[in-house]
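Visitor: For reference, the structure I am asking about is given below.
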Amino acid sequence: MHILSVIRQVPDAEENIKLKDGKVDLSSSKLVVDTMDEYGIEQALRLRDAAPGSEVIVLAIGPDRCEQALRTALAMGADRAVLVVAEPSLDVITVSKVVAEIAKKEGADLIFCGGQQADWDSQALGAATAERLGWPQATWTNVLAAESGKLVGKHDVDTGSEEFSLALPAVVTTQQGLNEPRYPTLPNIMKAKKKELRRNALADFNVTPKLESMGEALQVRSRKRTILDGKDVNTAAAKLVDLLRNEARVI
Amino acid sequence: MILMVAEHANGKLSKSVYEMTEAARTLQREGPITLLVLGKEVSKAAAEAALLADQVLVGDLPALAEYDAEVWAAAIAQIAQEGEAHTILMSATRSGRECSPRVAVKCDAALMEDAISLSVVGDALEAERYTFLTRVTERVRARGPVTVVTIKPGAFTPAKPNGSAAEQYDVELTLPERRLNVTQRMTEKSERIALAEADSVVAGGRGVGTPEAFAELVEGLADQLGAGVAATRAVVDAGWRPYAEQVGQTGKTVQPKIYWALGISGAVQHLSGMGKSKMIIAINKDAEAPIFKDTDYGIVGDLKEIVPALIRELKTTA
Ligand SMILES: Cc1cc2nc3c(=O)[nH]c(=O)nc-3n(C[C@H](O)[C@H](O)[C@H](O)COP(=O)(O)OP(=O)(O)OC[C@H]3O[C@@H](n4cnc5c(N)ncnc54)[C@H](O)[C@@H]3O)c2cc1C
Ligand SMILES: Nc1ncnc2c1ncn2[C@@H]1O[C@H](COP(=O)(O)O)[C@@H](O)[C@H]1O
């Protein structure tokens, strides 16, 4: 199998988001590989190791700093990496064109994308890429295995979940439960520094963005924040019920 | 035209169709507001759709009995292209969000996902949406003549039906073969009120301690309030509760009038699924827990004592 795992570099979940001039400013944030993409890397590595002759390529489309995220993926065990240098806000429909071209060039027959991005909250890249390549897709996948040249697995849908089988080539997007991503070990982090990381410019792909970002604003939290001390249990419970009944009038 | 894709189940349109109709009406863009109803034996849903749109297109075929992203995308894109739709609206449900990107690629359109507002500025379509796990609101503008938008459930006021029914037309569709071969369907069933529809939700986190305490305290309070029951990922991963009850980034999104967070720390991934609730009530023994930053009414204390006291208080003073 030739597996392409697409990753994003996003702020660590614990980080506060800061704005500068109406734009999210990540210059002083701790950045990590999107956890949803870690599931994809891990699954790609497991499939590769079970099928001799397979290869895992990790791909990031984003600013130069994404090299760090790609090195983490290489340290987890990916074979090589491609970075297409682009603005982080490039819209997903446009990004899918780049992913599809690289998949063709690399002869990929399986692509992993995260179920939802932790920065643009997009869920669209997997399906858009599949459409460009004329491939089928399985989204929100939490169980996946290769069986006699096919993928079998389970994924979440609106009404519950489904078990499926799917012939390659295909696109799979990830969901919690798929696996426990491994941590890179120190020797592997050293080795990853020597693995191939190819850089491409976005200009090589002849794309025109479909969306323009008009600005960003932090969510203003205007919560009441009436916090009671619960040491005296009965008084606190009575006070809360009284507030909900007579001040907020919600019960 | 504005093409809207109707989600429906058991002969009824979903609430999101009413919400996208409101979005479409306020846009006042050129051409008829058109509702596309796809499925098998959909005459009831189509009749309901006729009271919302200017015209209804019906694709009623055995091949459409079960949803499939590729098949649906082919049908929607074909109708959009034949009708020269400039705006295509779909629900931002799981199925809407995995199908809409294919429609956008087929129509060489822009895609705006999970829109919470929609407007025309100059002659461009602009939307607002949440990003960074719902911590940021971003405004985006579409480029090019065609835009696909998925509408976030609950973000728009549902439209009122029209006084008279619009015309319905059957459409002929060229559909591809299904390639995602579904071997088994597991439907989530719950005795309780559906989370997405519940006016109030009682949620428990790891702080509840045990599955038994969850049943007694979280379900107990929910029973007292007639509320839905939700859980954090920590609780679901521990096997105390089914995944169907998980709220958050990788679970469900809810927006009830009241959300009770019991023994929940308030991680961003959890907040991204419930942070837009109208009122948040938290009980946590740690005064520094992040959830308190996002709380309207809270009690710092041991939920194992406070929740029984609350249930008693609600019973006796009801
Ligand atoms: C990719 C990804 C996706 C995720 N998706 C989700 C998601 O969809 N939903 C989700 O919920 N999480 C999700 N998470 C996990 C999230 O980061 C948190 O780990 C999780 O929400 C924590 O659950 P919790 O609040 O129940 O547990 P904890 O963080 O352990 O909090 C327990 C709280 O209970 C309090 N407590 C303990 N005992 C008592 C007591 N006796 N009385 C009162 N209070 C008490 C403690 O003070 C603490 O604040 C995701 C994480 C990742 C990486
Ligand atoms: N640097 C990392 N590299 C790979 N996997 C990680 C890394 N950090 C966390 N994880 C994985 O993310 C999940 C949550 O980790 P934790 O937040 O430490 O409980 C676990 O499945 C870890 O294996």
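Simple scheme: letters A, B, ... for chains in structure tokens order, numbers from 1 for residues in each chain, numbers from 1 for ligands in the order shown.
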At a cut-off of 8 Å and counting only C-alpha atoms and all ligand atoms, what residues surround ligand 2? Please answer as a VMD selection string.
Guide: chain A and resid 32 to 33 35 38 72 76 179 to 184
Visitor: Take the selection from the previous step and output its residues with N, CA, C and O atoms, as a compact mmCIF listing (two decimals), in the first residue's frame.
Guide:
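result_11.txt, written as the output of this step:
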# COMPACT_ATOMS: atom_id res chain seq x y z
N VAL A 32 1.19 21.72 17.88
CA VAL A 32 1.32 20.25 17.88
C VAL A 32 0.67 19.68 16.61
O VAL A 32 -0.03 20.38 15.89
N VAL A 33 0.90 18.40 16.38
CA VAL A 33 0.17 17.70 15.32
C VAL A 33 -1.28 17.55 15.80
O VAL A 33 -1.52 17.15 16.94
N THR A 35 -4.51 16.13 16.90
CA THR A 35 -4.72 14.77 17.43
C THR A 35 -5.51 13.90 16.45
O THR A 35 -5.25 12.71 16.32
N GLU A 38 -3.12 12.49 14.18
CA GLU A 38 -2.27 11.44 14.78
C GLU A 38 -2.92 10.07 14.61
O GLU A 38 -2.23 9.07 14.38
N THR A 72 7.68 15.29 13.54
CA THR A 72 7.05 14.43 14.57
C THR A 72 6.47 13.18 13.93
O THR A 72 6.64 12.07 14.43
N MET A 76 7.42 9.31 14.48
CA MET A 76 6.47 8.25 14.82
C MET A 76 6.71 7.03 13.91
O MET A 76 6.36 5.91 14.27
N ASN A 179 -7.42 4.26 17.26
CA ASN A 179 -6.20 3.65 17.82
C ASN A 179 -5.64 4.54 18.91
O ASN A 179 -6.19 5.61 19.18
N GLU A 180 -4.57 4.11 19.54
CA GLU A 180 -3.82 4.94 20.48
C GLU A 180 -2.53 5.34 19.78
O GLU A 180 -1.63 4.51 19.64
N PRO A 181 -2.40 6.57 19.35
CA PRO A 181 -1.17 6.95 18.63
C PRO A 181 0.07 6.76 19.50
O PRO A 181 0.03 7.02 20.69
N ARG A 182 1.14 6.27 18.88
CA ARG A 182 2.38 6.04 19.63
C ARG A 182 3.12 7.36 19.85
O ARG A 182 2.92 8.33 19.14
N TYR A 183 3.97 7.38 20.86
CA TYR A 183 4.85 8.53 21.07
C TYR A 183 6.14 8.28 20.32
O TYR A 183 6.63 7.15 20.29
N PRO A 184 6.74 9.31 19.75
CA PRO A 184 8.05 9.11 19.12
C PRO A 184 9.09 8.86 20.20
O PRO A 184 9.07 9.53 21.22
Visitor: Can you list, as a list in words, every protein, DNA or RNA residue that comes within 9 Å of Leu186 (chain A) when you count only C-alpha atoms, leaving out same-chain residues fewer than 4 positions away?
Guide: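 My reading of the contact set: Ala75, Met190 and Lys191 of chain A.
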Visitor: Could you check which of A:Met36, A:Ala51, A:Leu59, A:Leu4 is closest to chain B, using only C-alpha atoms?
Guide: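 Closest to chain B of all the choices is A:Met36.
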Visitor: Can you work out which residues from chain A touch chain B at a cut-off of 6 Å (counting only C-alpha atoms) and hand them back as an mmCIF file with all heavy atoms, in the first residue's frame?
Guide:
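After the write, iface-v9.cif holds the following:
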data_model
loop_
_atom_site.group_PDB
_atom_site.id
_atom_site.type_symbol
_atom_site.label_atom_id
_atom_site.label_comp_id
_atom_site.auth_asym_id
_atom_site.auth_seq_id
_atom_site.Cartn_x
_atom_site.Cartn_y
_atom_site.Cartn_z
ATOM 1 N N ALA A 118 -8.629 20.852 14.163
ATOM 2 C CA ALA A 118 -8.737 21.602 15.415
ATOM 3 C C ALA A 118 -8.482 23.092 15.214
ATOM 4 O O ALA A 118 -8.585 23.864 16.156
ATOM 5 C CB ALA A 118 -7.773 21.038 16.449
ATOM 6 N N ASP A 119 -8.137 23.527 13.989
ATOM 7 C CA ASP A 119 -7.982 24.974 13.788
ATOM 8 C C ASP A 119 -9.146 25.536 12.964
ATOM 9 O O ASP A 119 -9.905 26.361 13.442
ATOM 10 C CB ASP A 119 -6.612 25.332 13.202
ATOM 11 C CG ASP A 119 -6.240 24.532 11.967
ATOM 12 O OD1 ASP A 119 -7.021 23.658 11.546
ATOM 13 O OD2 ASP A 119 -5.144 24.778 11.419
ATOM 14 N N TRP A 120 -9.351 25.031 11.728
ATOM 15 C CA TRP A 120 -10.464 25.596 10.946
ATOM 16 C C TRP A 120 -11.766 24.842 11.164
ATOM 17 O O TRP A 120 -12.763 25.141 10.534
ATOM 18 C CB TRP A 120 -10.099 25.667 9.456
ATOM 19 C CG TRP A 120 -8.923 26.556 9.296
ATOM 20 C CD1 TRP A 120 -7.646 26.191 9.046
ATOM 21 C CD2 TRP A 120 -8.893 27.976 9.520
ATOM 22 N NE1 TRP A 120 -6.812 27.280 9.097
ATOM 23 C CE2 TRP A 120 -7.551 28.383 9.374
ATOM 24 C CE3 TRP A 120 -9.861 28.934 9.831
ATOM 25 C CZ2 TRP A 120 -7.161 29.713 9.536
ATOM 26 C CZ3 TRP A 120 -9.472 30.254 9.990
ATOM 27 C CH2 TRP A 120 -8.137 30.623 9.836
ATOM 28 N N ASP A 121 -11.753 23.889 12.072
ATOM 29 C CA ASP A 121 -12.951 23.101 12.394
ATOM 30 C C ASP A 121 -13.584 22.512 11.133
ATOM 31 O O ASP A 121 -14.792 22.262 11.084
ATOM 32 C CB ASP A 121 -13.990 23.925 13.173
ATOM 33 C CG ASP A 121 -13.553 24.230 14.613
ATOM 34 O OD1 ASP A 121 -12.355 24.084 14.905
ATOM 35 O OD2 ASP A 121 -14.401 24.610 15.440
ATOM 36 N N ALA A 124 -14.058 18.752 5.764
ATOM 37 C CA ALA A 124 -14.326 18.567 4.341
ATOM 38 C C ALA A 124 -13.172 17.983 3.528
ATOM 39 O O ALA A 124 -13.387 17.521 2.412
ATOM 40 C CB ALA A 124 -14.747 19.908 3.718
ATOM 41 N N ALA A 127 -13.462 14.198 1.986
ATOM 42 C CA ALA A 127 -14.473 14.019 0.937
ATOM 43 C C ALA A 127 -14.126 14.809 -0.325
ATOM 44 O O ALA A 127 -14.316 14.328 -1.453
ATOM 45 C CB ALA A 127 -15.845 14.435 1.458
ATOM 46 N N ALA A 128 -13.606 16.016 -0.151
ATOM 47 C CA ALA A 128 -13.264 16.829 -1.328
ATOM 48 C C ALA A 128 -12.126 16.169 -2.114
ATOM 49 O O ALA A 128 -12.148 16.131 -3.354
ATOM 50 C CB ALA A 128 -12.872 18.241 -0.894
ATOM 51 N N GLU A 131 -13.446 13.144 -3.998
ATOM 52 C CA GLU A 131 -14.190 13.550 -5.190
ATOM 53 C C GLU A 131 -13.235 13.904 -6.336
ATOM 54 O O GLU A 131 -13.445 13.517 -7.481
ATOM 55 C CB GLU A 131 -15.100 14.736 -4.860
ATOM 56 C CG GLU A 131 -15.913 15.257 -6.034
ATOM 57 C CD GLU A 131 -16.894 14.229 -6.588
ATOM 58 O OE1 GLU A 131 -17.489 13.486 -5.795
ATOM 59 O OE2 GLU A 131 -17.055 14.173 -7.835
ATOM 60 N N ASP A 158 -24.988 9.873 11.282
ATOM 61 C CA ASP A 158 -25.930 10.659 12.078
ATOM 62 C C ASP A 158 -26.793 9.804 12.996
ATOM 63 O O ASP A 158 -27.105 10.188 14.112
ATOM 64 C CB ASP A 158 -26.848 11.478 11.156
ATOM 65 C CG ASP A 158 -26.107 12.668 10.562
ATOM 66 O OD1 ASP A 158 -25.405 13.347 11.318
ATOM 67 O OD2 ASP A 158 -26.221 12.896 9.344
ATOM 68 N N THR A 159 -27.186 8.634 12.494
ATOM 69 C CA THR A 159 -28.144 7.837 13.252
ATOM 70 C C THR A 159 -27.486 6.788 14.149
ATOM 71 O O THR A 159 -28.175 6.018 14.798
ATOM 72 C CB THR A 159 -29.075 7.089 12.282
ATOM 73 O OG1 THR A 159 -28.251 6.454 11.296
ATOM 74 C CG2 THR A 159 -30.035 8.040 11.588
ATOM 75 N N GLY A 160 -26.177 6.720 14.156
ATOM 76 C CA GLY A 160 -25.496 5.712 14.966
ATOM 77 C C GLY A 160 -24.166 5.364 14.324
ATOM 78 O O GLY A 160 -23.332 6.235 14.124
ATOM 79 N N SER A 161 -24.007 4.091 13.975
ATOM 80 C CA SER A 161 -22.769 3.723 13.299
ATOM 81 C C SER A 161 -23.036 2.622 12.283
ATOM 82 O O SER A 161 -24.114 2.022 12.276
ATOM 83 C CB SER A 161 -21.723 3.278 14.326
ATOM 84 O OG SER A 161 -22.230 2.205 15.080
ATOM 85 N N GLU A 162 -22.061 2.397 11.416
ATOM 86 C CA GLU A 162 -22.192 1.390 10.355
ATOM 87 C C GLU A 162 -20.902 0.596 10.247
ATOM 88 O O GLU A 162 -19.817 1.149 10.409
ATOM 89 C CB GLU A 162 -22.388 2.066 8.982
ATOM 90 C CG GLU A 162 -23.665 2.835 8.810
ATOM 91 C CD GLU A 162 -23.712 3.594 7.481
ATOM 92 O OE1 GLU A 162 -22.660 3.772 6.814
ATOM 93 O OE2 GLU A 162 -24.813 4.037 7.122
ATOM 94 N N GLU A 163 -21.032 -0.692 9.935
ATOM 95 C CA GLU A 163 -19.865 -1.468 9.530
ATOM 96 C C GLU A 163 -19.807 -1.441 8.020
ATOM 97 O O GLU A 163 -20.846 -1.465 7.350
ATOM 98 C CB GLU A 163 -19.980 -2.905 10.046
ATOM 99 C CG GLU A 163 -19.695 -2.983 11.546
ATOM 100 C CD GLU A 163 -19.958 -4.331 12.163
ATOM 101 O OE1 GLU A 163 -20.306 -5.284 11.414
ATOM 102 O OE2 GLU A 163 -19.830 -4.411 13.385
ATOM 103 N N PHE A 164 -18.596 -1.373 7.473
ATOM 104 C CA PHE A 164 -18.491 -1.231 6.021
ATOM 105 C C PHE A 164 -17.324 -2.034 5.479
ATOM 106 O O PHE A 164 -16.423 -2.418 6.212
ATOM 107 C CB PHE A 164 -18.326 0.244 5.627
ATOM 108 C CG PHE A 164 -17.045 0.866 6.144
ATOM 109 C CD1 PHE A 164 -15.834 0.683 5.471
ATOM 110 C CD2 PHE A 164 -17.036 1.625 7.304
ATOM 111 C CE1 PHE A 164 -14.647 1.237 5.955
ATOM 112 C CE2 PHE A 164 -15.862 2.185 7.797
ATOM 113 C CZ PHE A 164 -14.671 1.992 7.117
ATOM 114 N N SER A 165 -17.361 -2.269 4.161
ATOM 115 C CA SER A 165 -16.163 -2.685 3.455
ATOM 116 C C SER A 165 -16.009 -1.769 2.252
ATOM 117 O O SER A 165 -16.987 -1.183 1.769
ATOM 118 C CB SER A 165 -16.252 -4.154 3.031
ATOM 119 O OG SER A 165 -17.214 -4.296 2.014
ATOM 120 N N LEU A 166 -14.790 -1.640 1.817
ATOM 121 C CA LEU A 166 -14.463 -0.602 0.846
ATOM 122 C C LEU A 166 -13.233 -1.069 0.064
ATOM 123 O O LEU A 166 -12.243 -1.470 0.662
ATOM 124 C CB LEU A 166 -14.141 0.675 1.643
ATOM 125 C CG LEU A 166 -13.891 1.983 0.949
ATOM 126 C CD1 LEU A 166 -15.128 2.384 0.155
ATOM 127 C CD2 LEU A 166 -13.607 3.059 1.992
ATOM 128 N N LYS A 210 -10.828 29.700 -3.004
ATOM 129 C CA LYS A 210 -12.275 29.840 -3.163
ATOM 130 C C LYS A 210 -12.901 30.643 -2.034
ATOM 131 O O LYS A 210 -14.057 31.035 -2.121
ATOM 132 C CB LYS A 210 -12.920 28.451 -3.171
ATOM 133 C CG LYS A 210 -12.547 27.612 -4.369
ATOM 134 C CD LYS A 210 -13.671 27.682 -5.365
ATOM 135 C CE LYS A 210 -13.363 26.916 -6.623
ATOM 136 N NZ LYS A 210 -13.786 27.664 -7.811
ATOM 137 N N LEU A 211 -12.165 30.809 -0.951
ATOM 138 C CA LEU A 211 -12.692 31.585 0.172
ATOM 139 C C LEU A 211 -11.662 32.620 0.570
ATOM 140 O O LEU A 211 -10.462 32.391 0.488
ATOM 141 C CB LEU A 211 -12.958 30.710 1.400
ATOM 142 C CG LEU A 211 -14.127 29.743 1.423
ATOM 143 C CD1 LEU A 211 -14.191 29.075 2.793
ATOM 144 C CD2 LEU A 211 -15.444 30.435 1.105
ATOM 145 N N GLU A 212 -12.190 33.744 1.053
ATOM 146 C CA GLU A 212 -11.333 34.802 1.542
ATOM 147 C C GLU A 212 -11.695 35.002 3.009
ATOM 148 O O GLU A 212 -12.879 35.092 3.338
ATOM 149 C CB GLU A 212 -11.676 36.053 0.742
ATOM 150 C CG GLU A 212 -10.726 37.173 0.855
ATOM 151 C CD GLU A 212 -11.202 38.330 -0.042
ATOM 152 O OE1 GLU A 212 -11.992 38.090 -0.984
ATOM 153 O OE2 GLU A 212 -10.807 39.454 0.238
ATOM 154 N N SER A 213 -10.697 35.054 3.874
ATOM 155 C CA SER A 213 -10.991 35.279 5.287
ATOM 156 C C SER A 213 -11.159 36.771 5.520
ATOM 157 O O SER A 213 -10.313 37.576 5.148
ATOM 158 C CB SER A 213 -9.857 34.734 6.151
ATOM 159 O OG SER A 213 -10.134 35.035 7.492
ATOM 160 N N MET A 214 -12.289 37.162 6.124
ATOM 161 C CA MET A 214 -12.599 38.581 6.313
ATOM 162 C C MET A 214 -12.318 39.026 7.739
ATOM 163 O O MET A 214 -12.648 40.139 8.125
ATOM 164 C CB MET A 214 -14.066 38.855 5.985
ATOM 165 C CG MET A 214 -14.509 38.374 4.620
ATOM 166 S SD MET A 214 -13.540 39.097 3.283
ATOM 167 C CE MET A 214 -14.170 40.771 3.331
ATOM 168 N N GLY A 215 -11.759 38.133 8.549
ATOM 169 C CA GLY A 215 -11.425 38.533 9.910
ATOM 170 C C GLY A 215 -11.959 37.549 10.924
ATOM 171 O O GLY A 215 -12.861 36.764 10.643
ATOM 172 N N GLU A 216 -11.359 37.602 12.084
ATOM 173 C CA GLU A 216 -11.695 36.652 13.127
ATOM 174 C C GLU A 216 -11.925 37.404 14.428
ATOM 175 O O GLU A 216 -11.329 38.450 14.648
ATOM 176 C CB GLU A 216 -10.523 35.665 13.299
ATOM 177 C CG GLU A 216 -10.364 34.789 12.081
ATOM 178 C CD GLU A 216 -9.001 34.129 11.977
ATOM 179 O OE1 GLU A 216 -7.994 34.784 12.273
ATOM 180 O OE2 GLU A 216 -8.967 32.963 11.593
ATOM 181 N N ALA A 217 -12.790 36.885 15.260
ATOM 182 C CA ALA A 217 -13.053 37.499 16.559
ATOM 183 C C ALA A 217 -13.108 36.417 17.608
ATOM 184 O O ALA A 217 -13.612 35.322 17.347
ATOM 185 C CB ALA A 217 -14.382 38.254 16.522
ATOM 186 N N LEU A 218 -12.582 36.722 18.780
ATOM 187 C CA LEU A 218 -12.672 35.742 19.859
ATOM 188 C C LEU A 218 -14.109 35.689 20.349
ATOM 189 O O LEU A 218 -14.807 36.689 20.380
ATOM 190 C CB LEU A 218 -11.759 36.139 21.021
ATOM 191 C CG LEU A 218 -10.273 35.919 20.812
ATOM 192 C CD1 LEU A 218 -9.534 36.231 22.105
ATOM 193 C CD2 LEU A 218 -9.984 34.487 20.382
ATOM 194 N N GLN A 219 -14.538 34.502 20.739
ATOM 195 C CA GLN A 219 -15.847 34.353 21.349
ATOM 196 C C GLN A 219 -15.846 35.118 22.661
ATOM 197 O O GLN A 219 -14.968 34.920 23.487
ATOM 198 C CB GLN A 219 -16.083 32.875 21.666
ATOM 199 C CG GLN A 219 -16.304 32.054 20.441
ATOM 200 C CD GLN A 219 -17.647 32.362 19.859
ATOM 201 O OE1 GLN A 219 -18.644 32.246 20.551
ATOM 202 N NE2 GLN A 219 -17.666 32.759 18.625
ATOM 203 N N ARG A 223 -20.824 35.021 30.556
ATOM 204 C CA ARG A 223 -21.533 34.177 31.519
ATOM 205 C C ARG A 223 -21.705 34.922 32.834
ATOM 206 O O ARG A 223 -20.890 35.759 33.196
ATOM 207 C CB ARG A 223 -20.743 32.884 31.744
ATOM 208 C CG ARG A 223 -20.607 32.019 30.508
ATOM 209 C CD ARG A 223 -21.824 31.192 30.278
ATOM 210 N NE ARG A 223 -21.740 30.446 29.017
ATOM 211 C CZ ARG A 223 -22.808 29.935 28.417
ATOM 212 N NH1 ARG A 223 -24.009 30.108 28.930
ATOM 213 N NH2 ARG A 223 -22.687 29.283 27.290
ATOM 214 N N LYS A 224 -22.737 34.590 33.545
ATOM 215 C CA LYS A 224 -23.065 35.270 34.790
ATOM 216 C C LYS A 224 -22.036 35.019 35.895
ATOM 217 O O LYS A 224 -21.707 35.905 36.666
ATOM 218 C CB LYS A 224 -24.428 34.742 35.263
ATOM 219 C CG LYS A 224 -25.408 35.832 35.554
ATOM 220 C CD LYS A 224 -26.755 35.236 35.918
ATOM 221 C CE LYS A 224 -27.254 35.856 37.196
ATOM 222 N NZ LYS A 224 -27.314 37.320 37.133
ATOM 223 N N ARG A 225 -21.584 33.802 35.962
ATOM 224 C CA ARG A 225 -20.572 33.392 36.943
ATOM 225 C C ARG A 225 -20.962 33.676 38.388
ATOM 226 O O ARG A 225 -20.200 34.266 39.154
ATOM 227 C CB ARG A 225 -19.215 34.007 36.586
ATOM 228 C CG ARG A 225 -18.692 33.414 35.296
ATOM 229 C CD ARG A 225 -17.468 34.102 34.778
ATOM 230 N NE ARG A 225 -16.262 33.701 35.496
ATOM 231 C CZ ARG A 225 -15.057 34.045 35.110
ATOM 232 N NH1 ARG A 225 -14.879 34.784 34.030
ATOM 233 N NH2 ARG A 225 -14.010 33.650 35.790
ATOM 234 N N THR A 226 -22.161 33.285 38.756
ATOM 235 C CA THR A 226 -22.575 33.291 40.154
ATOM 236 C C THR A 226 -22.178 31.937 40.736
ATOM 237 O O THR A 226 -22.796 30.922 40.430
ATOM 238 C CB THR A 226 -24.105 33.467 40.265
ATOM 239 O OG1 THR A 226 -24.461 34.683 39.622
ATOM 240 C CG2 THR A 226 -24.555 33.483 41.710
ATOM 241 N N ILE A 227 -21.109 31.916 41.516
ATOM 242 C CA ILE A 227 -20.576 30.648 42.010
ATOM 243 C C ILE A 227 -20.778 30.571 43.521
ATOM 244 O O ILE A 227 -20.306 31.440 44.260
ATOM 245 C CB ILE A 227 -19.066 30.505 41.668
ATOM 246 C CG1 ILE A 227 -18.786 30.867 40.203
ATOM 247 C CG2 ILE A 227 -18.569 29.098 42.016
ATOM 248 C CD1 ILE A 227 -19.313 29.920 39.165
ATOM 249 N N LEU A 228 -21.482 29.547 43.966
ATOM 250 C CA LEU A 228 -21.808 29.406 45.385
ATOM 251 C C LEU A 228 -20.820 28.461 46.066
ATOM 252 O O LEU A 228 -20.316 27.528 45.446
ATOM 253 C CB LEU A 228 -23.229 28.831 45.540
ATOM 254 C CG LEU A 228 -24.335 29.511 44.735
ATOM 255 C CD1 LEU A 228 -25.624 28.704 44.854
ATOM 256 C CD2 LEU A 228 -24.544 30.935 45.234
ATOM 257 N N ASP A 229 -20.610 28.713 47.351
ATOM 258 C CA ASP A 229 -19.767 27.814 48.138
ATOM 259 C C ASP A 229 -20.620 26.645 48.613
ATOM 260 O O ASP A 229 -21.678 26.845 49.208
ATOM 261 C CB ASP A 229 -19.199 28.607 49.326
ATOM 262 C CG ASP A 229 -18.222 27.769 50.132
ATOM 263 O OD1 ASP A 229 -18.244 26.530 49.994
ATOM 264 O OD2 ASP A 229 -17.432 28.365 50.886
ATOM 265 N N GLY A 230 -20.159 25.426 48.355
ATOM 266 C CA GLY A 230 -20.972 24.254 48.665
ATOM 267 C C GLY A 230 -20.630 23.573 49.976
ATOM 268 O O GLY A 230 -21.002 22.415 50.177
ATOM 269 N N VAL A 233 -23.986 22.007 52.377
ATOM 270 C CA VAL A 233 -24.614 21.370 51.218
ATOM 271 C C VAL A 233 -26.076 21.792 51.021
ATOM 272 O O VAL A 233 -26.478 22.197 49.931
ATOM 273 C CB VAL A 233 -24.518 19.826 51.362
ATOM 274 C CG1 VAL A 233 -25.318 19.130 50.281
ATOM 275 C CG2 VAL A 233 -23.055 19.400 51.298
ATOM 276 N N ASN A 234 -26.843 21.721 52.099
ATOM 277 C CA ASN A 234 -28.276 21.987 51.946
ATOM 278 C C ASN A 234 -28.563 23.450 51.619
ATOM 279 O O ASN A 234 -29.436 23.757 50.814
ATOM 280 C CB ASN A 234 -29.029 21.547 53.203
ATOM 281 C CG ASN A 234 -29.030 20.031 53.300
ATOM 282 O OD1 ASN A 234 -29.238 19.339 52.301
ATOM 283 N ND2 ASN A 234 -28.743 19.523 54.487
ATOM 284 N N ALA A 237 -27.671 23.997 47.920
ATOM 285 C CA ALA A 237 -28.674 23.406 47.034
ATOM 286 C C ALA A 237 -29.941 24.266 47.017
ATOM 287 O O ALA A 237 -30.504 24.556 45.953
ATOM 288 C CB ALA A 237 -28.991 21.981 47.473
#
Visitor: Using only C-alpha atoms and all ligand atoms, which residue out of A:Ile3, A:Val84, A:Val10, A:Leu144 lies closest to ligand 1?
Guide: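 Among the listed residues, A:Val10 lies closest to ligand 1.
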Visitor: Excluding Ala80 (chain B) and residues on its chain fewer than 5 positions from it, collect all residues at most 9 Å away from it, counting only C-alpha atoms, and give them as a ChimeraX atom specification.
Guide: /B:1-3,75,85-88,103,107
